[in-house]
Structures are given as structure tokens and as C-alpha cells.
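Please read the structure below before turning to the comments.
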Amino acid sequence: MGMCKPSGGIFKVVGHVGTLDRFGTPNSRYDLYNENGELLQQRWYGPNGNAYWDRDWKHGGNHEFPHDHKWEWDNWEHPGRPAYKGPSGELTNPNFE
Ligand SMILES: [Zn+2]
């Protein structure tokens with residue numbers, strides 16, 4: 001189950017990785033850009049306003065981009081959420097846009 005065309009809207013935010021909150025407008029997506037207009041991260045929020053999915057376009061470390069992370073609110077033992085990798089090896093979930 002994806003969240004195509006978020007009914008709560010899409011918001012543009014300028015900042016740095018870490019700027020986006022864990023809570024946002026319900027059923028929305030926030031697109032985070034840096035001052036140079038580069039897309040850094042997209043975050044999806046569910047009906048309760050809790051973040052539940054990230055798509056990372058740029059951050060520190062040696063990673064492939066983009067890649068997705070699923071939020072696990074009931075599992076804070078793993079704050080560094082595992083990167084999403086689909087059944088065909090894809091790094092993003094096509095159900096999210
Ligand atoms: Zn990441």
C-alpha cells in the first residue's frame with residue numbers, strides 16, 4: 001500500500017539533513033532541499049502525522065542514492081533504519097511518489 005499523490009499536500013522545505021521533523025501534516029510529503037536547490041530527502045507522513053517513510057537523495061557516508069528507509073515507531077532499538085531494497089534490487093519503492 002503506497003501513498004500516491006499525498007492528499008495532505010506536498011511541502012517544500014529548505015535546510016539540511018535532520019531538518020525534517022518526526023511529525024508533520026497528516027498524509028503529506030515533505031521535500032527537503034539545501035540552499036543550492038539540491039533535493040536531499042523526502043519524508044512521508046501518515047494519517048496520524050507520524051513519519052513513516054524516507055527517501056534519501058544525499059547524505060553523508062558511502063551509499064547509493066536514492067534509497068528508502070522505513071520508520072519503525074515500535075522499534076527504537078534500530079534508530080538507523082535499514083535501507084529499503086526491493087525484490088528486484090531497486091533502491092526505492094515505486095509505491096511512493
Ligand atoms: Zn539514508
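Identifiers in the C-alpha cells: chain A, B, ... in order shown; residue index from 1 per chain; ligand index from 1 in order shown.
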
Residues of chain A in strand (DSSP E), written as a PyMOL selection string: chain A and resi 10-14+29-33+39-45+51-56+67-70+83-84

Contact residues around Leu40 of chain A with only C-alpha atoms at 6 Å, ignoring same-chain residues under 6 positions, as a ChimeraX atom specification: /A:32-33,57-58

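The space between atom CA of Asp21 of chain A and atom CA of Asn48 of chain A spans 13.7 Å.
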
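Of the listed residues A:Gly37, A:Pro66, A:Pro82, A:Gly24, the one whose atoms come nearest to Ala51 of chain A is A:Gly24, with distances taken using only C-alpha atoms.
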
Contacts to ligand 1 at 12 Å cut-off (only C-alpha atoms and all ligand atoms) as a ChimeraX atom specification: /A:17-18,40-43,53-71,79-85,91-92

Straight-line distance linking atom CA of Arg29 of chain A with atom CA of Trp73 of chain A, stated in Å to one decimal: 17.8 Å

Asn27 of chain A surroundings by only C-alpha atoms, 6 Å radius, close-in-sequence under 6 positions cut, as a ChimeraX atom specification: /A:6-8,45-47

Could you write out the selected residues, including C-alpha atoms, as a PDB file, in the first residue's frame?
```
ATOM      1  CA  PRO A   6      -0.349  12.683  -0.856  1.00  0.00           C
ATOM      2  CA  SER A   7      -3.819  14.035  -0.060  1.00  0.00           C
ATOM      3  CA  GLY A   8      -2.424  16.259   2.671  1.00  0.00           C
ATOM      4  CA  TYR A  45       3.685  11.243   6.971  1.00  0.00           C
ATOM      5  CA  GLY A  46       0.744   9.003   7.794  1.00  0.00           C
ATOM      6  CA  PRO A  47      -2.823   9.736   8.928  1.00  0.00           C
TER       7      PRO A  47
END
```

Between atom CA of Asn75 of chain A and atom CA of Gly9 of chain A - distance in Å to one decimal: 27.7 Å
